[in-house]
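**Student:** Handing you this structure, nothing more for now.
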Number of protein chains: 2
Amino acid sequence: MLATPVNAATVYPAPDRSTAGHVLEFPVSQPLALDAGVPLSPFSIAYQTYGALNADKSNAVLICHALTGDQFVASSNPVTGRPGWWTTMVGPGRPIDTNRFFVICSNVVGGCMGSTGPASTNPATGKPYGLELPVITIRDMVRAQAMLVDHLGIDKLFCVAGGSMGGMQVLQWAAMYPERVFSALPLATGARHSSQNIAFHEVGRQAIMADPDWCAGRYLENGSRPMKGLSVARMAAHITYMSDEALHRKFGRKLQDRAAPTFSFDAEFQIESYLRHQGTSFVERFDANSYLYVTRAMDYFDLAADYGGLLAQAFMKSNTRFCVVSFTSDWLFPTSDSRAIVHALNASGASVSFVEIETDKGHDAFLLDVPELFSTTRGFIDAAAKVRGI
Amino acid sequence: MLATPVNAATVYPAPDRSTAGHVLEFPVSQPLALDAGVPLSPFSIAYQTYGALNADKSNAVLICHALTGDQFVASSNPVTGRPGWWTTMVGPGRPIDTNRFFVICSNVVGGCMGSTGPASTNPATGKPYGLELPVITIRDMVRAQAMLVDHLGIDKLFCVAGGSMGGMQVLQWAAMYPERVFSALPLATGARHSSQNIAFHEVGRQAIMADPDWCAGRYLENGSRPMKGLSVARMAAHITYMSDEALHRKFGRKLQDRAAPTFSFDAEFQIESYLRHQGTSFVERFDANSYLYVTRAMDYFDLAADYGGLLAQAFMKSNTRFCVVSFTSDWLFPTSDSRAIVHALNASGASVSFVEIETDKGHDAFLLDVPELFSTTRGFIDAAAKVRGI
């Protein structure tokens with residue numbers, strides 16, 4: 001159960017049974033074993049499916065969403081009314097073709113679209129968890145997804161795909177459940193979060209925690225929301241999703257709705273107006289404590305560390321077919337991060353193809369209209385489907 | 001006159017007569033004509049000098065400070081007790097040798113170390129200006145410096161030098177007063193502020209303005225200080241001063257004072273602890289409204305715009321000798337920004353040498369121990385001094 005947000009005029013209501021899609025509730029008898037050393041129990045996973053599972057259950061594709069994504073990958077989000085976040089990649093006739101594949105997408109544990117997160121009720125107190133929710137890791141998210149996949153009766157996924165934090169989950173799936181992943185598509189991601197990336201996340205978290213409306217994480221009970229802090233966090237993060245070149249192309253130094261500078265602290269430049277809009281529209285749909293938890297999960301991600309510091313060891317038993325994709329202008333997860341994954345996969349003897357796509361669209365390129373991304377992934381998926389006999 | 005800060009235990013006192021160094025007061029009869037279209041009057045410039053002016057007044061070097069710098073370029077700051085901010089470059093035997101040159105460094109208008117800024121008293125109200133101070137531009141800063149140089153009886157500066165925002169002032173000097181600048185040393189800078197750079201500044205300003213202790217800019221009268229907001233602003237900016245490589249080398253994913261992750265929102269990683277320290281130590285010494293004004297001045301800087309969009313026109317009559325320096329890992333003012341300056345100088349027929357220095361120290365390299373910077377600038381200065389007969 002999720003608490004109702006305070007200001008319905010400017011904040012979308014938290015998802016409920018009618019808007020979260022399918023919600024799978026795991027009872028106390030089926031706890032989620034968290035890396036933090038405690039069980040999460042009971043807990044819920046909200047998810048969507050698209051297309052139909054075939055008779056031998058060989059055509060299931062799991063999509064893992066990024067930091068602020070949700071389960072509505074290919075259908076409109078009932079809370080915000082916005083289109084699915086990856087309809088360019090997932091849908092009828094798309095590279096991940098819902099006419100051929102049974103697509104599953106779930107909200108991550110720690111999120112705020114129906115899966116258990118910090119806004120959910122802590123059964124021990126009857127109040128929202130807030131910071132009483134244990135810290136969640138990428139591994140925890142993947143373990144929960146595996147329980148969902150079990151529930152759906154699927155032994156082996158045809159493909160696990162995702163970008164950014166979604167790509168981290170893809171790598172974690174391939175490492176933790178190699179026999180359950182036929183193919184893997186990690187996009188614009190890394191096998192660990194860099195120092196600079198942790199730094200940007202920390203700025204965002206400090207912005208949220210500096211907001212007095214955050215109330216040490218207990219804002220839902222206090223009838224407030226740290227909207228200003230969350231907005232600043234989103235603004236800082238959003239810069240990292242774009243490239244310097246694209247910002248120059250789209251905005252440059254153009255002024256907003258004026259012919260000459262007014263010498264003020266208004267949103268004088270278009271880039272300022274755009275960023276402010278990104279901040280204010282984000283707080284309408286995202287929970288501030290979830291932002292803390294999900295950024296923290298990314299910070300902790302360091303796949304090699306679980307394998308004696310050798311990333312190749314993470315994939316040593318893998319028969320999974322990998323396609324790794326990076327984008328030239330992505331400075332959040334630069335191509336060097338993808339190369340490190342590819343080197344490890346090569347060292348482990350895994351099957352891997354790697355494509356670096358030339359674009360100025362920055363990190364967000366994996367979500368945008370980038371034809372070379374579609375042709376690359378379509379080729380990879382179709383070839384894998386042929387081998388898999390789909 | 002500057003207001004006294006509220007919390008003397010954690011915030012250094014604002015500079016006064018005993019700590020601001022020399023303070024030159026321009027009376028109402030000598031207003032500063034601001035780009036915003038209004039005069040600033042009366043106003044003050046706080047400055048320091050080092051070395052001795054020679055008989056023909058040909059050995060004066062003006063140092064222009066960066067965003068959060070001050071006039072204490074080569075001597076300890078009496079307020080903070082910290083060493084001068086550029087003692088590697090300026091001092092006896094240094095590339096800018098105070099045994100040979102008469103070095104001048106003034107606090108920019110809009111700053112908070114004794115020059116007129118938003119914490120100064122508005123003569124119209126008797127209260128601190130706050131946001132009633134007109135927006136200040138780089139050109140305004142340079143006009144004020146020219147009035148100081150006039151006051152010191154110096155017609156022509158042997159050199160104007162500075163990095164980052166200091167470099168913007170160097171370029172503005174060369175464009176506006178070509179006959180007064182014998183040589184110019186713009187380091188790690190650009191002829192205009194990029195869209196991405198405006199974006200980062202806007203995040204910082206929004207963080208400050210989101211802090212309820214900012215009080216719409218009237219915090220000094222209200223007995224508060226937006227310390228949390230200013231700290232977040234500094235943290236975000238500080239990331240842009242370093243390179244991804246240097247962060248990886250210095251901090252990587254190392255944990256702070258612990259052997260294993262604790263799965264918490266503490267400063268678990270060293271980079272987090274370091275960034276938090278940068279934030280909290282900055283608020284001790286810098287005024288939040290000044291941060292708004294000085295970042296805004298950088299945002300407005302677009303030298304070509306004053307010359308019909310052609311940067312070369314800005315330097316067309318120039319006999320100044322230029323040495324432009326960039327650093328390979330500087331992503332705030334990348335080498336492409338310096339190249340644009342060099343191309344314009346070449347097109348205008350100016351004398352220019354250009355060095356891109358290989359380092360992983362990022363934008364802050366101009367402030368750090370980078371031997372190639374010292375040898376480059378020493379060579380340039382010595383050659384120019386020979387021509388100038390010093």
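The chains in the structure tokens are called A, B, ... from first to last as shown; in each chain the residues are counted from 1, and the ligands are counted from 1 in the order shown.
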With a cut-off of 8 Å and counting only C-alpha atoms, select all residues of chain A in contact with chain B and give the selection as a short mmCIF file (atom, residue, chain, number, x, y, z; two decimals) with C-alpha atoms, in the first residue's frame.

**Tutor:**
data_model
loop_
_atom_site.label_atom_id
_atom_site.label_comp_id
_atom_site.auth_asym_id
_atom_site.auth_seq_id
_atom_site.Cartn_x
_atom_site.Cartn_y
_atom_site.Cartn_z
CA ALA A 36 21.78 -5.34 3.37
CA PRO A 134 16.79 -1.22 4.06
CA VAL A 135 19.08 -0.01 1.29
CA SER A 194 32.16 5.54 -11.45
CA SER A 195 33.37 8.00 -8.85
CA GLN A 196 32.02 10.90 -10.93
CA ILE A 198 28.47 8.62 -7.48
CA ALA A 199 29.36 12.29 -7.05
CA PHE A 200 26.45 13.47 -9.19
CA GLU A 202 25.34 12.49 -3.99
CA VAL A 203 24.62 16.06 -5.10
CA GLN A 206 22.01 16.22 -0.65
CA ALA A 207 19.64 18.56 -2.51
CA ALA A 210 18.58 19.82 2.37
CA ASP A 211 14.92 20.53 1.67
CA PRO A 212 13.16 21.10 5.02
CA LYS A 228 12.29 21.91 -4.50
CA GLY A 229 15.07 19.58 -3.46
CA VAL A 232 17.21 20.46 -8.13
CA MET A 235 18.03 19.24 -12.92
CA ALA A 236 21.58 18.25 -12.00
CA ILE A 239 22.48 17.62 -17.51
CA ASP A 244 27.40 19.25 -24.53
CA LEU A 247 22.75 21.19 -25.70
CA HIS A 248 24.62 23.51 -27.99
CA PHE A 251 19.67 25.57 -27.02
CA GLY A 252 23.04 27.17 -27.50
CA ARG A 253 22.82 30.60 -25.87
CA THR A 262 17.03 41.43 -19.42
CA PHE A 263 19.92 41.10 -16.95
CA SER A 264 17.99 39.14 -14.36
CA PHE A 265 17.84 35.82 -12.56
CA ILE A 271 18.43 25.97 -21.43
CA GLU A 272 17.39 27.35 -18.03
CA LEU A 275 15.96 22.51 -17.12
CA ARG A 296 22.03 4.46 -4.03
#

**Student:** Per DSSP on the backbone, what are the strand (DSSP E or B) residues of range 116-176 of chain B, as a compact mmCIF listing (two decimals) with C-alpha atoms, in the first residue's frame?

**Tutor:**
# COMPACT_ATOMS: atom_id res chain seq x y z
CA SER B 120 27.06 45.64 0.55
CA THR B 121 24.73 48.31 1.81
CA ASN B 122 22.38 49.81 -0.75
CA LYS B 127 20.08 47.73 3.94
CA PRO B 128 22.11 45.07 2.11
CA LEU B 157 49.46 46.85 -18.19
CA PHE B 158 52.38 44.62 -19.02
CA CYS B 159 50.14 41.59 -18.69
CA VAL B 160 46.58 40.63 -17.80
CA ALA B 161 46.33 37.02 -16.66
CA GLY B 162 43.69 34.70 -15.29
CA GLY B 163 41.98 31.34 -15.59

**Student:** Can you list, as a PDB file with N, CA and C atoms, in the first residue's frame, every protein, DNA or RNA residue that comes within 12 Å of range 54-57 of chain B when you count only C-alpha atoms, leaving out same-chain residues fewer than 5 positions away?

**Tutor:**
ATOM      1  N   THR B  98      57.117  38.411  -8.583  1.00  0.00           N
ATOM      2  CA  THR B  98      56.862  39.675  -7.884  1.00  0.00           C
ATOM      3  C   THR B  98      58.147  40.431  -7.564  1.00  0.00           C
ATOM      4  N   ASN B  99      59.311  39.801  -7.829  1.00  0.00           N
ATOM      5  CA  ASN B  99      60.572  40.558  -7.750  1.00  0.00           C
ATOM      6  C   ASN B  99      60.766  41.446  -8.976  1.00  0.00           C
ATOM      7  N   ARG B 100      60.071  41.126 -10.060  1.00  0.00           N
ATOM      8  CA  ARG B 100      60.208  41.892 -11.309  1.00  0.00           C
ATOM      9  C   ARG B 100      58.965  42.714 -11.616  1.00  0.00           C
ATOM     10  N   PHE B 101      57.823  42.175 -11.233  1.00  0.00           N
ATOM     11  CA  PHE B 101      56.564  42.796 -11.662  1.00  0.00           C
ATOM     12  C   PHE B 101      55.797  43.372 -10.477  1.00  0.00           C
ATOM     13  N   PHE B 102      55.004  44.362 -10.814  1.00  0.00           N
ATOM     14  CA  PHE B 102      54.064  44.935  -9.844  1.00  0.00           C
ATOM     15  C   PHE B 102      52.706  44.274 -10.107  1.00  0.00           C
ATOM     16  N   VAL B 103      52.328  43.407  -9.200  1.00  0.00           N
ATOM     17  CA  VAL B 103      51.130  42.599  -9.423  1.00  0.00           C
ATOM     18  C   VAL B 103      49.939  43.211  -8.690  1.00  0.00           C
ATOM     19  N   VAL B 149      43.006  50.662 -12.193  1.00  0.00           N
ATOM     20  CA  VAL B 149      44.303  50.813 -12.857  1.00  0.00           C
ATOM     21  C   VAL B 149      44.574  52.298 -13.147  1.00  0.00           C
ATOM     22  N   ASP B 150      43.530  53.016 -13.546  1.00  0.00           N
ATOM     23  CA  ASP B 150      43.646  54.471 -13.715  1.00  0.00           C
ATOM     24  C   ASP B 150      44.091  55.116 -12.403  1.00  0.00           C
ATOM     25  N   LEU B 152      45.703  53.913 -10.048  1.00  0.00           N
ATOM     26  CA  LEU B 152      47.097  53.585  -9.732  1.00  0.00           C
ATOM     27  C   LEU B 152      48.064  54.284 -10.688  1.00  0.00           C
ATOM     28  N   GLY B 153      47.504  55.041 -11.640  1.00  0.00           N
ATOM     29  CA  GLY B 153      48.342  55.836 -12.541  1.00  0.00           C
ATOM     30  C   GLY B 153      49.030  55.024 -13.622  1.00  0.00           C
ATOM     31  N   ILE B 154      48.448  53.879 -13.933  1.00  0.00           N
ATOM     32  CA  ILE B 154      49.068  52.990 -14.925  1.00  0.00           C
ATOM     33  C   ILE B 154      48.297  53.074 -16.236  1.00  0.00           C
ATOM     34  N   ASP B 155      48.997  53.428 -17.315  1.00  0.00           N
ATOM     35  CA  ASP B 155      48.344  53.521 -18.628  1.00  0.00           C
ATOM     36  C   ASP B 155      48.202  52.149 -19.265  1.00  0.00           C
ATOM     37  N   LYS B 156      49.331  51.438 -19.254  1.00  0.00           N
ATOM     38  CA  LYS B 156      49.362  50.175 -19.993  1.00  0.00           C
ATOM     39  C   LYS B 156      49.852  49.065 -19.078  1.00  0.00           C
ATOM     40  N   LEU B 157      49.067  47.998 -19.000  1.00  0.00           N
ATOM     41  CA  LEU B 157      49.459  46.849 -18.195  1.00  0.00           C
ATOM     42  C   LEU B 157      50.435  45.992 -18.995  1.00  0.00           C
ATOM     43  N   PHE B 158      51.469  45.524 -18.319  1.00  0.00           N
ATOM     44  CA  PHE B 158      52.384  44.619 -19.016  1.00  0.00           C
ATOM     45  C   PHE B 158      51.664  43.312 -19.360  1.00  0.00           C
ATOM     46  N   ARG B 388      59.334  44.185 -23.981  1.00  0.00           N
ATOM     47  CA  ARG B 388      58.845  45.382 -23.290  1.00  0.00           C
ATOM     48  C   ARG B 388      59.984  46.129 -22.598  1.00  0.00           C
ATOM     49  N   GLY B 389      61.144  45.508 -22.522  1.00  0.00           N
ATOM     50  CA  GLY B 389      62.295  46.155 -21.907  1.00  0.00           C
ATOM     51  C   GLY B 389      62.267  46.142 -20.401  1.00  0.00           C
ATOM     52  N   ILE B 390      61.682  45.116 -19.824  1.00  0.00           N
ATOM     53  CA  ILE B 390      61.627  45.014 -18.359  1.00  0.00           C
ATOM     54  C   ILE B 390      62.755  44.088 -17.886  1.00  0.00           C
TER      55      ILE B 390
END

**Student:** Pick from A:Arg143, A:Ala288, A:Tyr50, A:Trp86: nearest to Asp213 in chain A, with only C-alpha atoms counted?

**Tutor:**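 Nearest to Asp213 in chain A: A:Ala288.
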
**Student:** Fewer than 6 positions away in the same chain doesn't count, so skip those; otherwise give me all residues within 10 Å of Leu187 in chain A, counting only C-alpha atoms, as a ChimeraX atom specification.

**Tutor:** /A:161-168,170,323-327,333,338,355,363,365-367,373,377

**Student:** List the spatial neighbours of range 349-354 of chain B as a list in words - criterion: any atom at most 10 Å away, only C-alpha atoms, same-chain residues fewer than 4 positions off excluded.

**Tutor:** Ser183, Ala184, Leu185, Ala312, Phe315, Met316, Lys317, Ser318, Asn319, Thr320, Arg321, Phe322, Cys323, Val324, Val325, Ser326, Ser338, Arg339, Ile341, Val342, His343, Ala344, Leu345, Thr376 and Phe380 of chain B

**Student:** Env of Leu40 in chain A: 10 Å cut, atoms = only C-alpha atoms, seq-sep filter 4 positions within chain, self excluded. Answer as a JSON list (two decimals) with N, CA and C atoms, in the first residue's frame.

**Tutor:**
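The file below, part.json, is the result:
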[["chain", "number", "residue", "atom", "x", "y", "z"],
["A", 26, "PHE", "N", 4.18, -10.93, -2.55],
["A", 26, "PHE", "CA", 4.87, -12.06, -1.95],
["A", 26, "PHE", "C", 4.60, -12.05, -0.44],
["A", 28, "VAL", "N", 4.71, -13.23, 3.65],
["A", 28, "VAL", "CA", 5.82, -13.33, 4.61],
["A", 28, "VAL", "C", 6.62, -14.61, 4.39],
["A", 30, "GLN", "N", 7.55, -15.80, 1.70],
["A", 30, "GLN", "CA", 8.47, -15.67, 0.55],
["A", 30, "GLN", "C", 9.20, -14.34, 0.60],
["A", 31, "PRO", "N", 10.08, -14.20, 1.58],
["A", 31, "PRO", "CA", 10.79, -12.90, 1.71],
["A", 31, "PRO", "C", 11.81, -12.69, 0.59],
["A", 32, "LEU", "N", 12.15, -11.43, 0.38],
["A", 32, "LEU", "CA", 13.25, -11.09, -0.52],
["A", 32, "LEU", "C", 14.50, -10.91, 0.33],
["A", 33, "ALA", "N", 15.50, -11.75, 0.08],
["A", 33, "ALA", "CA", 16.75, -11.66, 0.85],
["A", 33, "ALA", "C", 17.57, -10.48, 0.32],
["A", 34, "LEU", "N", 17.71, -9.46, 1.12],
["A", 34, "LEU", "CA", 18.40, -8.25, 0.66],
["A", 34, "LEU", "C", 19.90, -8.32, 0.94],
["A", 36, "ALA", "N", 21.55, -6.04, 2.11],
["A", 36, "ALA", "CA", 21.78, -5.34, 3.37],
["A", 36, "ALA", "C", 21.75, -6.31, 4.56],
["A", 44, "SER", "N", 5.91, -6.44, -2.63],
["A", 44, "SER", "CA", 5.11, -6.49, -3.86],
["A", 44, "SER", "C", 5.96, -6.10, -5.07],
["A", 109, "VAL", "N", 12.19, -2.91, -7.08],
["A", 109, "VAL", "CA", 12.04, -2.77, -5.63],
["A", 109, "VAL", "C", 12.77, -1.49, -5.22],
["A", 116, "THR", "N", 7.28, -2.52, -3.88],
["A", 116, "THR", "CA", 7.59, -2.05, -2.53],
["A", 116, "THR", "C", 8.75, -1.07, -2.57],
["A", 122, "ASN", "N", 5.35, 0.25, 6.12],
["A", 122, "ASN", "CA", 6.19, -0.66, 6.89],
["A", 122, "ASN", "C", 5.28, -1.47, 7.81],
["A", 133, "LEU", "N", 13.22, 1.61, 5.30],
["A", 133, "LEU", "CA", 13.42, 0.56, 4.29],
["A", 133, "LEU", "C", 14.92, 0.30, 4.18],
["A", 134, "PRO", "N", 15.35, -0.98, 4.23],
["A", 134, "PRO", "CA", 16.79, -1.22, 4.06],
["A", 134, "PRO", "C", 17.25, -0.73, 2.69],
["A", 136, "ILE", "N", 18.54, -0.84, -0.91],
["A", 136, "ILE", "CA", 18.28, -1.82, -1.97],
["A", 136, "ILE", "C", 19.47, -1.79, -2.94],
["A", 140, "ASP", "N", 19.44, -7.00, -5.46],
["A", 140, "ASP", "CA", 18.11, -7.17, -4.84],
["A", 140, "ASP", "C", 17.01, -7.02, -5.88]]

**Student:** Find the residues near Pro78 in chain B: any atom within 10 Å, counting only C-alpha atoms, skip ones fewer than 5 places away on the same chain, and give them as a list in words.

**Tutor:**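 Final neighbour list, sorted by chain and number: Pro15, Ser18, Thr19, Ala20, Gly21, Phe72, Pro83 and Gly84 of chain B.
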
**Student:** Using DSSP on the backbone, list every residue of range 226-382 of chain B that comes out as helix (DSSP H, G or I), and give them as an MDAnalysis selection string.

**Tutor:** chainID B and resid 227:241 244:250 270:283 288:300 303:307 311:314 335:347 363:367 371:382

**Student:** Would you export the selected residues with C-alpha atoms as a PDB file, in the first residue's frame, please?

**Tutor:**
ATOM      1  CA  MET B 227      24.072  27.270   3.849  1.00  0.00           C
ATOM      2  CA  LYS B 228      22.545  24.011   2.664  1.00  0.00           C
ATOM      3  CA  GLY B 229      21.591  25.399  -0.707  1.00  0.00           C
ATOM      4  CA  LEU B 230      24.978  27.036  -1.220  1.00  0.00           C
ATOM      5  CA  SER B 231      26.697  23.814  -0.197  1.00  0.00           C
ATOM      6  CA  VAL B 232      24.733  21.804  -2.782  1.00  0.00           C
ATOM      7  CA  ALA B 233      25.570  24.443  -5.408  1.00  0.00           C
ATOM      8  CA  ARG B 234      29.256  24.132  -4.608  1.00  0.00           C
ATOM      9  CA  MET B 235      29.152  20.332  -4.683  1.00  0.00           C
ATOM     10  CA  ALA B 236      27.578  20.316  -8.151  1.00  0.00           C
ATOM     11  CA  ALA B 237      30.076  22.885  -9.423  1.00  0.00           C
ATOM     12  CA  HIS B 238      33.034  21.128  -7.881  1.00  0.00           C
ATOM     13  CA  ILE B 239      32.387  17.996  -9.926  1.00  0.00           C
ATOM     14  CA  THR B 240      32.803  20.101 -13.059  1.00  0.00           C
ATOM     15  CA  TYR B 241      36.207  21.356 -11.890  1.00  0.00           C
ATOM     16  CA  ASP B 244      36.443  11.751 -14.435  1.00  0.00           C
ATOM     17  CA  GLU B 245      39.967  10.289 -14.667  1.00  0.00           C
ATOM     18  CA  ALA B 246      41.268  12.237 -11.676  1.00  0.00           C
ATOM     19  CA  LEU B 247      38.241  11.292  -9.594  1.00  0.00           C
ATOM     20  CA  HIS B 248      38.855   7.679 -10.497  1.00  0.00           C
ATOM     21  CA  ARG B 249      42.546   7.975  -9.633  1.00  0.00           C
ATOM     22  CA  LYS B 250      41.994   9.815  -6.335  1.00  0.00           C
ATOM     23  CA  GLN B 270      35.368   8.708  -0.184  1.00  0.00           C
ATOM     24  CA  ILE B 271      34.136  10.831  -3.071  1.00  0.00           C
ATOM     25  CA  GLU B 272      30.965  11.602  -1.101  1.00  0.00           C
ATOM     26  CA  SER B 273      32.880  12.609   1.978  1.00  0.00           C
ATOM     27  CA  TYR B 274      35.202  14.768  -0.128  1.00  0.00           C
ATOM     28  CA  LEU B 275      32.324  16.506  -1.913  1.00  0.00           C
ATOM     29  CA  ARG B 276      30.451  17.171   1.324  1.00  0.00           C
ATOM     30  CA  HIS B 277      33.597  18.746   2.730  1.00  0.00           C
ATOM     31  CA  GLN B 278      33.909  20.943  -0.363  1.00  0.00           C
ATOM     32  CA  GLY B 279      30.342  22.097   0.182  1.00  0.00           C
ATOM     33  CA  THR B 280      30.546  22.820   3.885  1.00  0.00           C
ATOM     34  CA  SER B 281      33.931  24.545   3.760  1.00  0.00           C
ATOM     35  CA  PHE B 282      32.776  26.768   0.899  1.00  0.00           C
ATOM     36  CA  VAL B 283      29.796  28.169   2.784  1.00  0.00           C
ATOM     37  CA  ALA B 288      25.267  33.009  -1.440  1.00  0.00           C
ATOM     38  CA  ASN B 289      23.987  36.084  -3.257  1.00  0.00           C
ATOM     39  CA  SER B 290      27.478  36.767  -4.591  1.00  0.00           C
ATOM     40  CA  TYR B 291      27.410  33.230  -5.958  1.00  0.00           C
ATOM     41  CA  LEU B 292      24.226  34.107  -7.844  1.00  0.00           C
ATOM     42  CA  TYR B 293      25.744  37.294  -9.262  1.00  0.00           C
ATOM     43  CA  VAL B 294      29.121  35.954 -10.252  1.00  0.00           C
ATOM     44  CA  THR B 295      27.739  32.811 -11.915  1.00  0.00           C
ATOM     45  CA  ARG B 296      25.294  35.045 -13.774  1.00  0.00           C
ATOM     46  CA  ALA B 297      28.128  37.240 -15.018  1.00  0.00           C
ATOM     47  CA  MET B 298      29.782  34.173 -16.548  1.00  0.00           C
ATOM     48  CA  ASP B 299      26.502  33.063 -18.138  1.00  0.00           C
ATOM     49  CA  TYR B 300      26.124  36.403 -19.900  1.00  0.00           C
ATOM     50  CA  LEU B 303      32.410  38.256 -26.415  1.00  0.00           C
ATOM     51  CA  ALA B 304      31.620  37.722 -30.096  1.00  0.00           C
ATOM     52  CA  ALA B 305      28.045  38.938 -29.560  1.00  0.00           C
ATOM     53  CA  ASP B 306      29.418  42.419 -28.882  1.00  0.00           C
ATOM     54  CA  TYR B 307      31.191  42.383 -32.234  1.00  0.00           C
ATOM     55  CA  LEU B 311      34.990  36.932 -32.420  1.00  0.00           C
ATOM     56  CA  ALA B 312      37.899  37.987 -34.640  1.00  0.00           C
ATOM     57  CA  GLN B 313      36.414  41.508 -34.714  1.00  0.00           C
ATOM     58  CA  ALA B 314      36.918  41.719 -30.957  1.00  0.00           C
ATOM     59  CA  THR B 335      40.296  22.766 -25.632  1.00  0.00           C
ATOM     60  CA  SER B 336      37.762  23.452 -28.386  1.00  0.00           C
ATOM     61  CA  ASP B 337      36.849  26.668 -26.526  1.00  0.00           C
ATOM     62  CA  SER B 338      40.497  27.738 -26.539  1.00  0.00           C
ATOM     63  CA  ARG B 339      40.863  26.799 -30.188  1.00  0.00           C
ATOM     64  CA  ALA B 340      37.961  29.105 -31.032  1.00  0.00           C
ATOM     65  CA  ILE B 341      39.823  31.951 -29.323  1.00  0.00           C
ATOM     66  CA  VAL B 342      43.042  31.083 -31.149  1.00  0.00           C
ATOM     67  CA  HIS B 343      41.288  30.904 -34.517  1.00  0.00           C
ATOM     68  CA  ALA B 344      39.768  34.336 -33.916  1.00  0.00           C
ATOM     69  CA  LEU B 345      43.137  35.769 -32.882  1.00  0.00           C
ATOM     70  CA  ASN B 346      44.748  34.283 -35.971  1.00  0.00           C
ATOM     71  CA  ALA B 347      41.986  35.700 -38.158  1.00  0.00           C
ATOM     72  CA  HIS B 363      39.519  22.470 -15.158  1.00  0.00           C
ATOM     73  CA  ASP B 364      41.223  23.198 -11.833  1.00  0.00           C
ATOM     74  CA  ALA B 365      44.582  22.358 -13.421  1.00  0.00           C
ATOM     75  CA  PHE B 366      45.273  26.081 -13.861  1.00  0.00           C
ATOM     76  CA  LEU B 367      45.328  26.407 -10.052  1.00  0.00           C
ATOM     77  CA  PRO B 371      54.958  21.988 -14.265  1.00  0.00           C
ATOM     78  CA  GLU B 372      54.176  22.419 -17.970  1.00  0.00           C
ATOM     79  CA  LEU B 373      51.893  25.329 -17.078  1.00  0.00           C
ATOM     80  CA  PHE B 374      54.721  27.019 -15.195  1.00  0.00           C
ATOM     81  CA  SER B 375      57.300  26.497 -17.953  1.00  0.00           C
ATOM     82  CA  THR B 376      54.853  27.678 -20.629  1.00  0.00           C
ATOM     83  CA  THR B 377      53.823  30.828 -18.813  1.00  0.00           C
ATOM     84  CA  ARG B 378      57.371  31.593 -17.664  1.00  0.00           C
ATOM     85  CA  GLY B 379      58.583  31.369 -21.246  1.00  0.00           C
ATOM     86  CA  PHE B 380      55.810  33.607 -22.498  1.00  0.00           C
ATOM     87  CA  ILE B 381      56.196  36.197 -19.744  1.00  0.00           C
ATOM     88  CA  ASP B 382      59.982  36.316 -20.014  1.00  0.00           C
TER      89      ASP B 382
END

**Student:** For a test of reading the model, state the distance in Å between CA of Ser106 in chain B and CA of Asp330 in chain B, rounded to one decimal.

**Tutor:**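 Atom-to-atom, CA of Ser106 in chain B to CA of Asp330 in chain B, that is 25.7 Å.
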
**Student:** Which of these residues is nearest to Leu53 in chain A, using only C-alpha atoms: A:Met141, A:Ala119, A:Ile104, A:Leu255?

**Tutor:** A:Ile104
